[in-house]
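Trainee: So that you have it, the file is entry.tsv, and it contains TSV, C-alpha atoms:
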```tsv
chain	number	residue	atom	x	y	z
C	12	MET	CA	13.17	4.11	7.75
C	13	LYS	CA	10.68	6.96	7.92
C	14	CYS	CA	7.95	7.61	5.43
C	15	ASP	CA	8.62	10.15	2.70
C	16	LYS	CA	5.54	11.28	0.81
C	17	ASN	CA	7.41	10.80	-2.50
C	18	ASP	CA	7.69	7.09	-1.65
C	19	LEU	CA	3.89	6.91	-1.63
C	20	LEU	CA	3.30	8.00	-5.25
C	21	LEU	CA	2.56	4.51	-6.53
C	22	TYR	CA	1.90	2.04	-3.75
C	23	ALA	CA	1.54	-1.56	-4.96
C	24	VAL	CA	-0.50	-4.01	-2.86
C	25	THR	CA	0.05	-7.70	-3.61
C	26	ASP	CA	-2.71	-10.18	-4.36
C	27	ARG	CA	-1.95	-13.80	-5.23
C	28	HIS	CA	-5.34	-14.08	-6.93
C	29	TRP	CA	-3.76	-12.59	-10.07
C	30	LEU	CA	-0.56	-14.68	-10.19
C	31	ASP	CA	-1.65	-16.86	-13.13
C	32	GLY	CA	1.13	-19.39	-12.66
C	33	ARG	CA	3.81	-16.86	-11.73
C	34	THR	CA	5.39	-16.37	-8.31
C	35	LEU	CA	4.68	-13.35	-6.14
C	36	TYR	CA	8.41	-12.56	-6.29
C	37	GLU	CA	8.32	-12.40	-10.11
C	38	VAL	CA	5.32	-10.09	-10.31
C	39	VAL	CA	6.56	-7.77	-7.57
C	40	LYS	CA	9.93	-7.55	-9.34
C	41	GLU	CA	8.13	-6.55	-12.56
C	42	SER	CA	6.20	-3.84	-10.72
C	43	LEU	CA	9.43	-2.50	-9.19
C	44	GLU	CA	11.05	-2.46	-12.63
C	45	GLY	CA	8.04	-0.44	-13.82
C	46	GLY	CA	8.58	2.11	-11.04
C	47	ALA	CA	6.40	1.13	-8.07
C	48	THR	CA	7.54	3.30	-5.16
C	49	PHE	CA	6.15	1.29	-2.22
C	50	VAL	CA	5.10	-2.35	-1.72
C	51	GLN	CA	2.64	-3.87	0.74
C	52	LEU	CA	2.44	-7.64	1.21
C	53	ARG	CA	-1.23	-8.48	1.69
C	54	GLU	CA	-1.90	-12.12	2.50
C	55	LYS	CA	-5.12	-13.40	3.99
C	56	THR	CA	-4.73	-17.15	3.54
C	57	LEU	CA	-1.08	-18.21	3.95
C	58	ASP	CA	0.17	-20.01	7.04
C	59	ASP	CA	2.70	-18.05	9.10
C	60	GLU	CA	5.75	-20.03	8.03
C	61	THR	CA	5.09	-19.59	4.31
C	62	PHE	CA	4.12	-15.96	4.85
C	63	LEU	CA	7.36	-15.30	6.74
C	64	GLN	CA	9.50	-16.89	4.03
C	65	GLU	CA	7.74	-14.94	1.29
C	66	ALA	CA	7.96	-11.70	3.27
C	67	LYS	CA	11.72	-12.09	3.78
C	68	GLU	CA	12.30	-12.63	0.06
C	69	LEU	CA	10.20	-9.61	-0.90
C	70	GLN	CA	11.82	-7.41	1.75
C	71	GLN	CA	15.22	-8.23	0.24
C	72	LEU	CA	13.95	-7.51	-3.27
C	73	CYS	CA	12.49	-4.15	-2.23
C	74	ARG	CA	15.76	-3.20	-0.51
C	75	GLU	CA	17.58	-3.78	-3.79
C	76	TYR	CA	15.24	-1.26	-5.41
C	77	LYS	CA	15.37	1.06	-2.35
C	78	VAL	CA	11.58	0.86	-2.02
C	79	PRO	CA	9.80	0.65	1.38
C	80	PHE	CA	8.18	-2.70	2.15
C	81	VAL	CA	5.36	-3.13	4.67
C	82	VAL	CA	3.23	-6.06	5.79
C	83	ASN	CA	-0.55	-5.85	5.97
C	84	ASP	CA	-2.04	-6.48	9.45
C	85	ASN	CA	0.50	-9.01	10.73
C	86	VAL	CA	2.58	-7.06	13.24
C	87	ASP	CA	4.34	-10.14	14.64
C	88	ILE	CA	5.58	-11.26	11.21
C	89	ALA	CA	6.70	-7.70	10.44
C	90	ILE	CA	8.79	-7.66	13.62
C	91	GLU	CA	10.20	-11.14	13.05
C	92	MET	CA	11.42	-10.44	9.51
C	93	ASP	CA	12.31	-6.77	10.11
C	94	ALA	CA	9.88	-5.26	7.60
C	95	ASP	CA	10.03	-1.51	7.07
C	96	GLY	CA	6.61	-1.28	8.65
C	97	VAL	CA	2.99	-2.38	8.87
C	98	HIS	CA	-0.35	-1.26	7.44
C	99	VAL	CA	-3.39	-1.76	9.66
C	100	GLY	CA	-7.12	-1.29	9.12
C	101	GLN	CA	-9.66	0.16	11.51
C	102	SER	CA	-10.59	-3.29	12.81
C	103	ASP	CA	-6.97	-4.39	13.34
C	104	MET	CA	-4.55	-3.40	16.09
C	105	GLU	CA	-4.79	0.27	17.02
C	106	ALA	CA	-1.96	2.49	15.75
C	107	GLY	CA	-0.67	3.40	19.21
C	108	ASP	CA	-0.36	-0.28	20.13
C	109	VAL	CA	1.38	-1.04	16.84
C	110	ARG	CA	3.86	1.78	17.48
C	111	ALA	CA	4.57	0.41	20.97
C	112	LYS	CA	5.40	-3.00	19.49
C	113	LEU	CA	7.30	-1.83	16.40
C	114	GLY	CA	9.32	1.00	17.91
C	115	PRO	CA	9.83	4.57	16.69
C	116	ASP	CA	11.68	3.87	13.44
C	117	LYS	CA	9.16	1.76	11.54
C	118	ILE	CA	6.48	2.96	9.12
C	119	ILE	CA	2.87	2.62	10.24
C	120	GLY	CA	0.06	3.10	7.75
C	121	VAL	CA	-3.58	3.18	8.81
C	122	SER	CA	-6.76	2.84	6.76
C	123	ALA	CA	-9.25	5.65	7.34
C	124	GLY	CA	-12.67	6.41	5.90
C	125	THR	CA	-13.66	9.51	7.86
C	126	VAL	CA	-12.05	12.72	9.07
C	127	GLU	CA	-12.43	11.52	12.68
C	128	GLU	CA	-10.62	8.23	11.98
C	129	ALA	CA	-7.87	10.12	10.15
C	130	ILE	CA	-7.23	12.63	12.95
C	131	LEU	CA	-7.18	9.87	15.57
C	132	ALA	CA	-4.77	7.73	13.53
C	133	GLU	CA	-2.36	10.67	13.14
C	134	LYS	CA	-2.59	11.44	16.86
C	135	ARG	CA	-1.73	7.83	17.70
C	136	GLY	CA	1.37	7.69	15.57
C	137	ALA	CA	0.40	6.81	11.99
C	138	ASP	CA	2.97	7.88	9.36
C	139	TYR	CA	0.51	7.88	6.46
C	140	LEU	CA	-3.16	7.16	5.77
C	141	GLY	CA	-4.81	4.98	3.14
C	142	VAL	CA	-8.27	6.35	2.36
C	143	GLY	CA	-10.91	4.54	0.36
C	144	ALA	CA	-12.57	3.06	-1.46
C	145	VAL	CA	-12.51	6.11	-3.72
C	146	PHE	CA	-14.08	4.16	-6.61
C	147	PRO	CA	-16.07	0.90	-6.66
C	148	THR	CA	-13.68	-2.03	-6.11
C	149	GLY	CA	-13.78	-5.79	-6.42
C	150	SER	CA	-10.74	-6.37	-4.18
C	151	LYS	CA	-12.54	-5.89	-0.90
C	152	ASP	CA	-16.07	-7.19	-0.43
C	153	ASP	CA	-16.85	-4.93	2.51
C	154	ALA	CA	-15.31	-1.75	1.08
C	155	ILE	CA	-17.38	1.37	1.65
C	156	GLU	CA	-17.01	4.15	-0.88
C	157	VAL	CA	-15.51	7.39	0.37
C	158	PRO	CA	-16.73	10.51	-1.50
C	159	HIS	CA	-13.98	12.64	-3.03
C	160	ASP	CA	-15.13	15.55	-0.83
C	161	THR	CA	-14.37	13.44	2.24
C	162	LEU	CA	-10.98	12.48	0.80
C	163	LYS	CA	-10.18	16.17	0.36
C	164	ALA	CA	-11.41	16.98	3.89
C	165	ILE	CA	-9.16	14.24	5.32
C	166	CYS	CA	-6.13	15.61	3.46
C	167	GLU	CA	-6.87	19.07	4.87
C	168	ALA	CA	-7.39	17.75	8.43
C	169	VAL	CA	-4.05	15.94	8.85
C	170	SER	CA	-0.40	16.81	8.30
C	171	ILE	CA	0.73	13.27	7.39
C	172	PRO	CA	0.65	12.03	3.77
C	173	VAL	CA	-2.60	10.56	2.43
C	174	ILE	CA	-2.98	8.04	-0.38
C	175	ALA	CA	-6.22	7.00	-2.06
C	176	ILE	CA	-7.15	3.34	-2.52
C	177	GLY	CA	-9.96	1.39	-4.12
C	178	GLY	CA	-10.89	0.87	-7.75
C	179	ILE	CA	-8.23	3.23	-9.11
C	180	THR	CA	-7.13	2.73	-12.73
C	181	ARG	CA	-5.06	4.60	-15.28
C	182	GLU	CA	-8.34	5.79	-16.81
C	183	ASN	CA	-9.88	7.30	-13.65
C	184	VAL	CA	-6.84	8.41	-11.63
C	185	SER	CA	-7.05	11.96	-13.04
C	186	GLU	CA	-10.42	12.39	-11.28
C	187	LEU	CA	-8.52	12.52	-7.96
C	188	ALA	CA	-6.65	15.69	-8.92
C	189	GLY	CA	-7.00	18.50	-6.40
C	190	THR	CA	-7.94	16.29	-3.44
C	191	GLY	CA	-4.56	16.73	-1.75
C	192	ILE	CA	-3.38	13.11	-1.90
C	193	CYS	CA	0.29	12.40	-2.57
C	194	GLY	CA	-0.28	9.07	-4.31
C	195	ILE	CA	-2.44	6.02	-4.88
C	196	ALA	CA	-2.51	2.39	-3.74
C	197	VAL	CA	-3.58	-0.24	-6.27
C	198	ILE	CA	-3.84	-3.99	-6.65
C	199	SER	CA	-5.43	-5.06	-9.94
C	200	ALA	CA	-4.38	-1.93	-11.87
C	201	ILE	CA	-0.88	-3.40	-11.64
C	202	TYR	CA	-1.04	-7.09	-10.80
C	203	ALA	CA	-4.01	-8.08	-12.97
C	204	GLN	CA	-2.35	-6.67	-16.09
C	205	LYS	CA	-0.66	-8.84	-18.71
C	206	ASN	CA	2.42	-6.60	-18.88
C	207	ILE	CA	2.94	-5.57	-15.26
C	208	LYS	CA	6.07	-3.51	-15.90
C	209	GLU	CA	4.42	-1.44	-18.63
C	210	ALA	CA	1.15	-1.05	-16.70
C	211	THR	CA	3.09	0.16	-13.65
C	212	LYS	CA	5.05	2.68	-15.68
C	213	GLU	CA	1.94	4.11	-17.36
C	214	LEU	CA	0.03	4.32	-14.07
C	215	LYS	CA	2.98	6.00	-12.35
C	216	ASP	CA	3.18	8.65	-15.10
C	217	ALA	CA	-0.57	9.28	-14.89
C	218	THR	CA	-0.41	9.55	-11.08
C	219	ALA	CA	2.54	11.93	-11.16
C	220	SER	CA	0.57	14.18	-13.54
C	221	MET	CA	-2.50	14.01	-11.28
C	222	VAL	CA	-0.71	14.95	-8.03
C	223	SER	CA	1.09	17.87	-9.70
C	224	ILE	CA	-2.18	19.57	-10.69
```
Would you encode the structure as structure tokens?

Mentor:
Amino acid sequence: MKCDKNDLLLYAVTDRHWLDGRTLYEVVKESLEGGATFVQLREKTLDDETFLQEAKELQQLCREYKVPFVVNDNVDIAIEMDADGVHVGQSDMEAGDVRAKLGPDKIIGVSAGTVEEAILAEKRGADYLGVGAVFPTGSKDDAIEVPHDTLKAICEAVSIPVIAIGGITRENVSELAGTGICGIAVISAIYAQKNIKEATKELKDATASMVSI
């Protein structure tokens, strides 16, 4: 499966912090029903066996909705359960090494915060870039804000799709119009909401309007 920029319009990143008694499967299903176009499993605390089981279930669910499913950071788990790909940060495995392990047909996403990082990631085989944080965010303690001018410069410097991440909500997404991104990645704007399906649908509509400007 290769990465189509239309698949990156509304990229949902999981976070079990917001489950509130529900299962990850249930909340991801709601986000898919609301129109999420891409799902990333982000787990920092699960043991490998539980992570693998969860990943397999979510991969199957995403296939039913024909939505790409990638695993954050854990290349070995992604290979073992045949995920559609992996997303890695700057401090994780380098994109070229990930490509060597995953093979040519998997999706590789790389986090970038500067034009230099973006160009290097593309050169080493990244299929798309996640750039942020574009707004203040509570999801990542060490997140450094990326000015919108830098976001625009990154989009102009690379030929692969770029999505913005970090602190994005339905209320502020329109501020990203004109930067050149093809979509957004969010956690709490979907998974912290009471009605996940409705929140996803509204955010997707707002994002589609923003990228078309």

Trainee: Counting only C-alpha atoms, what is within 10 Å of Val222 in chain C, bar same-chain residues fewer than 3 positions away, as JSON, numbers by chain?

Mentor: {"C": [20, 184, 185, 187, 188, 189, 190, 191, 192, 193, 194, 195, 217, 218, 219]}

Trainee: May I have a table of the residues of range 129-153 of chain C lying at most 8 Å from range 159-180 of chain C, giving each one's closest pair of atoms and their distance in Å to one decimal, counting all atoms listed in the file, ordered by chain and ascending residue number, as a tab-separated table?

Mentor:
```
residue	atom	partner	partner_atom	distance
C:Ala129	CA	C:Ile165	CA	6.5
C:Ile130	CA	C:Val169	CA	6.2
C:Glu133	CA	C:Val169	CA	7.0
C:Ala137	CA	C:Ile171	CA	7.9
C:Asp138	CA	C:Ile171	CA	6.2
C:Tyr139	CA	C:Pro172	CA	4.9
C:Leu140	CA	C:Val173	CA	4.8
C:Gly141	CA	C:Ile174	CA	5.0
C:Val142	CA	C:Ala175	CA	4.9
C:Gly143	CA	C:Ile176	CA	4.9
C:Ala144	CA	C:Gly177	CA	4.1
C:Val145	CA	C:Gly177	CA	5.4
C:Phe146	CA	C:Gly178	CA	4.7
C:Pro147	CA	C:Gly178	CA	5.3
C:Thr148	CA	C:Gly178	CA	4.3
C:Gly149	CA	C:Gly178	CA	7.4
C:Ser150	CA	C:Gly177	CA	7.8
```

Trainee: Restrict the calculation to all atoms listed in the file, then for each residue of range 14-100 of chain C with any atom at most 9 Å from an atom of range 115-123 of chain C give the closest atom pair and their distance in Å to one decimal, rows by chain and rising residue number, as a Markdown table.

Mentor:
```
| residue | atom | partner | partner_atom | distance |
| --- | --- | --- | --- | --- |
| C:Cys14 | CA | C:Ile118 | CA | 6.1 |
| C:Pro79 | CA | C:Ile118 | CA | 8.7 |
| C:Val81 | CA | C:Ile118 | CA | 7.6 |
| C:Ala94 | CA | C:Lys117 | CA | 8.1 |
| C:Asp95 | CA | C:Lys117 | CA | 5.6 |
| C:Gly96 | CA | C:Ile118 | CA | 4.3 |
| C:Val97 | CA | C:Ile119 | CA | 5.2 |
| C:His98 | CA | C:Gly120 | CA | 4.4 |
| C:Val99 | CA | C:Val121 | CA | 5.0 |
| C:Gly100 | CA | C:Ser122 | CA | 4.8 |
```

Trainee: With a distance cut-off of 8 Å and all atoms listed in the file, select the neighbouring residues of Arg135 in chain C, excluding the residue or stretch itself and same-chain residues fewer than 4 positions from it, and output the selection as a PyMOL selection string.

Mentor: chain C and resi 106-107+131

Trainee: Could those residues be written to a file, using C-alpha atoms, as a PDB file, in the frame of the given file?

Mentor:
```
ATOM      1  CA  ALA C 106      -1.960   2.490  15.750  1.00  0.00           C
ATOM      2  CA  GLY C 107      -0.670   3.400  19.210  1.00  0.00           C
ATOM      3  CA  LEU C 131      -7.180   9.870  15.570  1.00  0.00           C
TER       4      LEU C 131
END
```

Trainee: Restricting the calculation to only C-alpha atoms: of C:Tyr22, C:Phe62, C:Trp29, C:Tyr36, which residue gets closest to Ile88 in chain C?

Mentor: C:Phe62

Trainee: Looking at all atoms listed in the file, which of C:Asp153, C:Glu127, C:Glu60, C:Asp18 is the one that sits closest to Lys215 in chain C?

Mentor: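 When distances to Lys215 in chain C are compared using all atoms listed in the file, the smallest one comes from C:Asp18.
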
Trainee: Env of Ile201 in chain C: 7 Å cut, atoms = only C-alpha atoms, seq-sep filter 6 positions within chain, self excluded. Answer as a list in words.

Mentor: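 The residues that qualify are Ile207, Ala210 and Thr211 of chain C.
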
Trainee: Find the spatial neighbours of Phe49 in chain C, counting all atoms listed in the file, within a cut-off of 10 Å - ignore same-chain residues fewer than 6 positions away - and output them as a PyMOL selection string.

Mentor: chain C and resi 17-24+42-43+73+76-81+196

Trainee: Using all atoms listed in the file, which protein or nucleic acid residues come within 10 Å of Leu63 in chain C? Drop anything in the same chain fewer than 5 positions from it, and give the result as a PDB file with C-alpha atoms, keeping the file's coordinate frame.

Mentor:
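Once everything was written out, this is part22.pdb:
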```pdb
ATOM      1  CA  LEU C  57      -1.080 -18.210   3.950  1.00  0.00           C
ATOM      2  CA  ASP C  58       0.170 -20.010   7.040  1.00  0.00           C
ATOM      3  CA  GLU C  68      12.300 -12.630   0.060  1.00  0.00           C
ATOM      4  CA  LEU C  69      10.200  -9.610  -0.900  1.00  0.00           C
ATOM      5  CA  ASP C  87       4.340 -10.140  14.640  1.00  0.00           C
ATOM      6  CA  ILE C  88       5.580 -11.260  11.210  1.00  0.00           C
ATOM      7  CA  ALA C  89       6.700  -7.700  10.440  1.00  0.00           C
ATOM      8  CA  GLU C  91      10.200 -11.140  13.050  1.00  0.00           C
ATOM      9  CA  MET C  92      11.420 -10.440   9.510  1.00  0.00           C
TER      10      MET C  92
END
```

Trainee: Determine the nearest neighbour of Glu186 in chain C from the options C:Met104, C:Val38, C:Met221, C:Val126, counting all atoms listed in the file.

Mentor: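 Result for the nearest residue to Glu186 in chain C: C:Met221.
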
Trainee: CA of Ser199 in chain C and CA of Glu54 in chain C are how many Å apart?

Mentor: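 CA of Glu54 in chain C lies 14.7 Å from CA of Ser199 in chain C.
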
Trainee: Kindly give the distance, in Å, that separates CA of Ile90 in chain C and CA of Leu35 in chain C, rounded to a single decimal.

Mentor: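 Distance between the two atoms: 21.0 Å.
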
Trainee: For the atom pair CA of Lys67 in chain C and CA of Leu52 in chain C, what is the interatomic distance in Å to one decimal place?

Mentor: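 Straight-line distance from CA of Lys67 in chain C to CA of Leu52 in chain C works out to 10.6 Å.
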
Trainee: Ranking C:Gly32, C:Gly45, C:Pro158, C:Val50 by minimum distance to Ile198 in chain C and counting all atoms listed in the file, which one comes first?

Mentor: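 Closest candidate: C:Val50.
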